[in-house]
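See below for the structure under consideration.
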Amino acid sequence: MKTASTIKEVRSILGAAEGQTIALVPTMGYLHEGHMALVEAARHKGDIVVVSIFVNPLQFGPDEDLDNYPRDIERDLEICRRHNVDVVFHPSETEMYPKRPELLLSLETMASILDGVRRPGHFEGVVTVVNKLFNIIRPDYAVFGEKDRQQLMIIKRMTEDFNHDIKIIGVPTERESDGLAKSSRNVNLSEAERKEAAAINQALLLGRDLIQEGTTDAKAVKSHIEAHIMDHTSGTIDDLQIFTHPDLNPVQIIAGDAIIFIAVKFERTRLIDNVMVMKNDQNNDER
Ligand SMILES: Nc1ncnc2c1ncn2[C@@H]1O[C@H](COP(=O)(O)OP(=O)(O)OP(=O)(O)O)[C@@H](O)[C@H]1O
Ligand SMILES: CC(C)(CO)[C@@H](O)C(=O)[O-]
Ligand code: BAL
């Protein structure tokens with residue numbers, strides 16, 4: 001496995017691999033099995049798997065957890081080595097942003113919902129850094145998780161809008177045995193919160209079952225989800241929305257495919273999750 005902390009180094013490694021396809025897995029590190037599912041998907045697509053590890057300050061708001069975000073580069077490199085990653089790019093902040101960026105990408109409607117509203121500036125920071133990573137690594141494929149479904153949809157759209165010749169691959173959410181979505185931020189849960197956090201996915205599945213059994217009133221579905229979270233966790237619901245799939249329109253009466261999104265705040269961390277509800281299909285993506 002090769003590692004690079006500068007753009008020059010990574011370009012020289014990838015330049016030597018001319019003619020081979022590159023699959024990029026962008027991450028913020030503190031790697032877990034969710035990231036490794038992305039690595040496996042990347043391996044199926046590209047000849048060379050590149051993992052980038054960079055905690056991008058530009059996508060964190062002033063009151064968010066940039067300082068608390070878990071980091072352990074040695075552990076991450078070991079995990080990548082074990083999973084036969086070919087190249088790890090782990091630049092410093094000054095390498096990625098030698099100057100205060102003058103030009104930032106901005107978004108229209110796709111950031112006017114969910115984390116675009118709850119985390120002002122977040123997706124502008126994400127698309128800016130992903131665009132930079134695309135220009136640095138020049139991959140043929142880039143792989144993202146469905147846990148961050150809004151991000152995945154925005155990146156697909158950015159790739160189209162900016163004519164990146166890159167195929168974006170989405171990977172289903174990897175979960176703990178109790179259903180909690182794997183996330184680097186889970187280490188910032190207390191022991192009690194970690195147990196309670198299983199209720200997030202349970203609540204989403206409860207909502208999904210209600211819809212599939214015929215409940216069409218989005219408000220009623222949300223009330224059930226809310227009650228489940230309130231009864232089973234000490235966390236507070238920061239966001240709970242049901243949107244149409246794939247257009248992400250708000251929905252009052254659920255008539256077709258939908259996605260339920262949730263964000264729950266605990267003492268030291270905020271977790272997100274979502275489930276897709278295919279109205280006429282019992283074989284949904286997760287159970
Ligand atoms: N459980 C998971 N299953 C599948 N993909 C995941 C999972 N967790 C994260 N990813 C994906 O890994 C990529 C890098 O995410 P990131 O490094 O922010 O990890 P994370 O665990 O989502 O961290 P966070 O605590 O910030 O939510 C993203 O495309 C994200 O969607
Ligand atoms: C895509 C990403 C690596 C950009 O910093 C980040 O938002 C993440 O880890 O999902
Ligand atoms: N996993 C999305 C990156 C973030 O929360 O900032």
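Residue numbering restarts at 1 for every chain of the structure tokens, chains are lettered A, B, ... in their displayed order, and ligands are numbered from 1 as they appear.
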
Report the closest atom pair, with its distance in Å rounded to one decimal, for each residue of chain A that has an atom no farther than 7 Å from ligand 3; count only C-alpha atoms and all ligand atoms, sort by chain and then rising residue number, and write it as a Markdown table.
```
| residue | atom | partner | partner_atom_place_in_ligand_line | distance |
| --- | --- | --- | --- | --- |
| A:Gln59 | CA | ligand 3 | 6 (O) | 5.9 |
| A:Phe60 | CA | ligand 3 | 6 (O) | 6.2 |
| A:Asp148 | CA | ligand 3 | 1 (N) | 6.0 |
```

What does the file look like for those residues with C-alpha atoms, as a short mmCIF file (atom, residue, chain, number, x, y, z; two decimals), in the first residue's frame?
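So selection.cif came out as:
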```
data_model
loop_
_atom_site.label_atom_id
_atom_site.label_comp_id
_atom_site.auth_asym_id
_atom_site.auth_seq_id
_atom_site.Cartn_x
_atom_site.Cartn_y
_atom_site.Cartn_z
CA GLN A 59 -18.03 21.45 6.13
CA PHE A 60 -18.26 21.99 9.89
CA ASP A 148 -25.43 10.14 4.02
#
```

Need to verify the contact set: stretch 33-44 of chain A, 12 Å, only C-alpha atoms, exclusion of same-chain residues closer than 5 positions in sequence. Can you return it as a CSV table (one decimal) with C-alpha atoms, in the first residue's frame?
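Produced file result19.csv, reproduced below:
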```csv
chain,number,residue,atom,x,y,z
A,21,THR,CA,-9.0,2.7,-13.7
A,22,ILE,CA,-9.1,4.4,-10.3
A,23,ALA,CA,-11.9,4.1,-7.8
A,24,LEU,CA,-11.9,6.7,-5.0
A,25,VAL,CA,-13.4,6.4,-1.6
A,26,PRO,CA,-13.5,9.8,0.1
A,27,THR,CA,-13.6,9.6,3.9
A,28,MET,CA,-13.0,11.7,7.0
A,49,VAL,CA,-8.5,1.7,-4.9
A,50,VAL,CA,-7.7,5.1,-3.4
A,51,VAL,CA,-9.0,6.1,0.0
A,52,SER,CA,-8.7,9.7,1.0
A,53,ILE,CA,-8.7,10.7,4.7
A,76,ASP,CA,-6.8,4.0,9.7
A,79,ILE,CA,-7.2,-1.0,8.5
A,80,CYS,CA,-6.6,0.1,4.9
A,81,ARG,CA,-3.5,-2.2,4.7
A,82,ARG,CA,-5.6,-5.1,5.9
A,83,HIS,CA,-8.2,-4.4,3.3
A,84,ASN,CA,-5.7,-4.2,0.4
A,85,VAL,CA,-6.3,-0.6,-0.3
A,86,ASP,CA,-3.8,0.5,-2.9
A,87,VAL,CA,-3.3,4.2,-2.1
A,88,VAL,CA,-4.2,6.3,0.9
A,139,PRO,CA,-10.9,8.9,-10.5
A,140,ASP,CA,-13.1,6.9,-12.9
A,141,TYR,CA,-15.4,5.9,-10.0
A,142,ALA,CA,-16.1,7.5,-6.6
A,143,VAL,CA,-18.0,5.6,-3.9
A,144,PHE,CA,-20.3,7.1,-1.2
A,145,GLY,CA,-22.6,5.6,1.5
A,146,GLU,CA,-26.4,5.8,1.5
A,147,LYS,CA,-26.2,6.6,5.3
A,148,ASP,CA,-25.4,10.1,4.0
A,167,LYS,CA,-19.3,7.3,-12.1
A,168,ILE,CA,-20.8,7.8,-8.6
A,169,ILE,CA,-21.5,4.5,-6.8
A,170,GLY,CA,-23.9,4.4,-3.8
A,171,VAL,CA,-23.5,1.7,-1.2
A,172,PRO,CA,-26.2,0.5,1.3
A,173,THR,CA,-25.7,1.4,5.0
A,174,GLU,CA,-23.7,-1.0,7.1
A,175,ARG,CA,-25.3,-1.6,10.5
A,176,GLU,CA,-24.3,-2.9,13.9
A,180,LEU,CA,-27.5,1.2,14.5
A,181,ALA,CA,-25.8,2.6,11.4
A,182,LYS,CA,-22.1,2.4,11.7
A,183,SER,CA,-20.6,5.8,12.0
A,184,SER,CA,-17.3,7.3,13.2
```

Residues near stretch 198-212 of chain A, cut-off 10 Å, only C-alpha atoms, skip fewer than 5 positions along chain, as a VMD selection string: chain A and resid 175 to 181 193 217 to 218 220 to 233 235 237 240 242 254 to 264 271 to 282 284 286 to 287

Write a file of the selected residues as a PDB file, in the first residue's frame, keeping C-alpha atoms.
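Printed below is out-v2.pdb as written:
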```
ATOM      1  CA  ARG A 175     -25.253  -1.562  10.488  1.00  0.00           C
ATOM      2  CA  GLU A 176     -24.326  -2.898  13.911  1.00  0.00           C
ATOM      3  CA  SER A 177     -26.166  -6.084  14.946  1.00  0.00           C
ATOM      4  CA  ASP A 178     -28.818  -3.989  16.723  1.00  0.00           C
ATOM      5  CA  GLY A 179     -29.445  -1.922  13.588  1.00  0.00           C
ATOM      6  CA  LEU A 180     -27.504   1.226  14.498  1.00  0.00           C
ATOM      7  CA  ALA A 181     -25.840   2.640  11.380  1.00  0.00           C
ATOM      8  CA  GLU A 193     -26.627   6.262  24.723  1.00  0.00           C
ATOM      9  CA  ASP A 217     -50.635  10.321   6.543  1.00  0.00           C
ATOM     10  CA  ALA A 218     -46.990  11.419   6.901  1.00  0.00           C
ATOM     11  CA  ALA A 220     -49.138  10.061  11.716  1.00  0.00           C
ATOM     12  CA  VAL A 221     -46.042   8.114  10.652  1.00  0.00           C
ATOM     13  CA  LYS A 222     -43.786  10.823  12.081  1.00  0.00           C
ATOM     14  CA  SER A 223     -45.700  10.808  15.387  1.00  0.00           C
ATOM     15  CA  HIS A 224     -45.079   7.074  15.806  1.00  0.00           C
ATOM     16  CA  ILE A 225     -41.391   7.474  15.027  1.00  0.00           C
ATOM     17  CA  GLU A 226     -41.114  10.423  17.406  1.00  0.00           C
ATOM     18  CA  ALA A 227     -42.840   8.500  20.204  1.00  0.00           C
ATOM     19  CA  HIS A 228     -40.503   5.525  19.753  1.00  0.00           C
ATOM     20  CA  ILE A 229     -37.409   7.744  19.964  1.00  0.00           C
ATOM     21  CA  MET A 230     -38.743   9.643  22.964  1.00  0.00           C
ATOM     22  CA  ASP A 231     -39.707   6.442  24.811  1.00  0.00           C
ATOM     23  CA  HIS A 232     -36.430   4.643  24.156  1.00  0.00           C
ATOM     24  CA  THR A 233     -33.680   7.269  24.120  1.00  0.00           C
ATOM     25  CA  GLY A 235     -31.687  11.949  22.698  1.00  0.00           C
ATOM     26  CA  ILE A 237     -34.990  14.611  17.465  1.00  0.00           C
ATOM     27  CA  LEU A 240     -37.498  14.029  10.992  1.00  0.00           C
ATOM     28  CA  ILE A 242     -40.480  12.172   4.855  1.00  0.00           C
ATOM     29  CA  ILE A 254     -47.645   9.149   1.038  1.00  0.00           C
ATOM     30  CA  ALA A 255     -48.752   7.767  -2.307  1.00  0.00           C
ATOM     31  CA  GLY A 256     -45.532   6.366  -3.770  1.00  0.00           C
ATOM     32  CA  ASP A 257     -41.945   5.551  -2.893  1.00  0.00           C
ATOM     33  CA  ALA A 258     -40.566   7.629  -0.045  1.00  0.00           C
ATOM     34  CA  ILE A 259     -37.515   8.136   2.153  1.00  0.00           C
ATOM     35  CA  ILE A 260     -37.700   8.758   5.890  1.00  0.00           C
ATOM     36  CA  PHE A 261     -34.784  10.837   7.187  1.00  0.00           C
ATOM     37  CA  ILE A 262     -33.910  11.352  10.826  1.00  0.00           C
ATOM     38  CA  ALA A 263     -31.260  13.173  12.880  1.00  0.00           C
ATOM     39  CA  VAL A 264     -31.000  12.576  16.630  1.00  0.00           C
ATOM     40  CA  LEU A 271     -26.450  10.870  14.397  1.00  0.00           C
ATOM     41  CA  ILE A 272     -28.279  10.631  11.092  1.00  0.00           C
ATOM     42  CA  ASP A 273     -30.037   7.721   9.419  1.00  0.00           C
ATOM     43  CA  ASN A 274     -32.623   7.112   6.715  1.00  0.00           C
ATOM     44  CA  VAL A 275     -34.673   4.310   5.180  1.00  0.00           C
ATOM     45  CA  MET A 276     -36.171   3.959   1.777  1.00  0.00           C
ATOM     46  CA  VAL A 277     -39.795   2.825   1.601  1.00  0.00           C
ATOM     47  CA  MET A 278     -40.774   1.179  -1.655  1.00  0.00           C
ATOM     48  CA  LYS A 279     -44.526   1.303  -1.418  1.00  0.00           C
ATOM     49  CA  ASN A 280     -45.375  -1.749  -3.425  1.00  0.00           C
ATOM     50  CA  ASP A 281     -42.305  -3.809  -2.688  1.00  0.00           C
ATOM     51  CA  GLN A 282     -41.878  -5.865   0.456  1.00  0.00           C
ATOM     52  CA  ASN A 284     -36.883  -3.183   0.811  1.00  0.00           C
ATOM     53  CA  GLU A 286     -32.793  -3.051   4.670  1.00  0.00           C
ATOM     54  CA  ARG A 287     -34.228  -5.050   7.518  1.00  0.00           C
TER      55      ARG A 287
END
```

List the spatial neighbours of A:Leu107 as a list in words - criterion: any atom at most 10 Å away, only C-alpha atoms, same-chain residues fewer than 5 positions off excluded.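 These residues fall inside the cut-off: Ser112, Gly116, Gly121, Phe123, Glu124, Val127, Ile154 and Met158 of chain A.
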
I need the chosen residues saved as a compact mmCIF listing (two decimals), in the first residue's frame, with C-alpha atoms.
```txt
# COMPACT_ATOMS: atom_id res chain seq x y z
CA SER A 112 -32.70 23.75 1.22
CA GLY A 116 -28.60 21.74 4.26
CA GLY A 121 -22.73 25.78 4.83
CA PHE A 123 -22.94 20.88 1.77
CA GLU A 124 -21.08 23.84 0.27
CA VAL A 127 -19.04 19.72 -2.63
CA ILE A 154 -25.89 16.07 -4.14
CA MET A 158 -22.52 17.95 -8.84
```

Please identify which residues in stretch 87-143 of chain A DSSP calls strand (DSSP E) from the backbone, and express them as a VMD selection string. chain A and resid 87 to 89 141 to 143

Those same residues - N, CA and C atoms - I'd like them written as a PDB file, in the first residue's frame.
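Generated output (again_5.pdb):
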```
ATOM      1  N   VAL A  87      -3.869   2.853  -2.389  1.00  0.00           N
ATOM      2  CA  VAL A  87      -3.265   4.159  -2.094  1.00  0.00           C
ATOM      3  C   VAL A  87      -4.116   4.884  -1.057  1.00  0.00           C
ATOM      4  N   VAL A  88      -3.461   5.437  -0.028  1.00  0.00           N
ATOM      5  CA  VAL A  88      -4.175   6.310   0.923  1.00  0.00           C
ATOM      6  C   VAL A  88      -3.629   7.723   0.760  1.00  0.00           C
ATOM      7  N   PHE A  89      -4.536   8.656   0.538  1.00  0.00           N
ATOM      8  CA  PHE A  89      -4.167  10.078   0.439  1.00  0.00           C
ATOM      9  C   PHE A  89      -4.660  10.753   1.710  1.00  0.00           C
ATOM     10  N   TYR A 141     -14.226   6.197 -10.874  1.00  0.00           N
ATOM     11  CA  TYR A 141     -15.377   5.884 -10.012  1.00  0.00           C
ATOM     12  C   TYR A 141     -15.153   6.570  -8.665  1.00  0.00           C
ATOM     13  N   ALA A 142     -16.254   6.978  -8.017  1.00  0.00           N
ATOM     14  CA  ALA A 142     -16.144   7.467  -6.636  1.00  0.00           C
ATOM     15  C   ALA A 142     -17.307   6.861  -5.866  1.00  0.00           C
ATOM     16  N   VAL A 143     -17.009   6.413  -4.649  1.00  0.00           N
ATOM     17  CA  VAL A 143     -17.975   5.605  -3.899  1.00  0.00           C
ATOM     18  C   VAL A 143     -18.390   6.332  -2.622  1.00  0.00           C
TER      19      VAL A 143
END
```
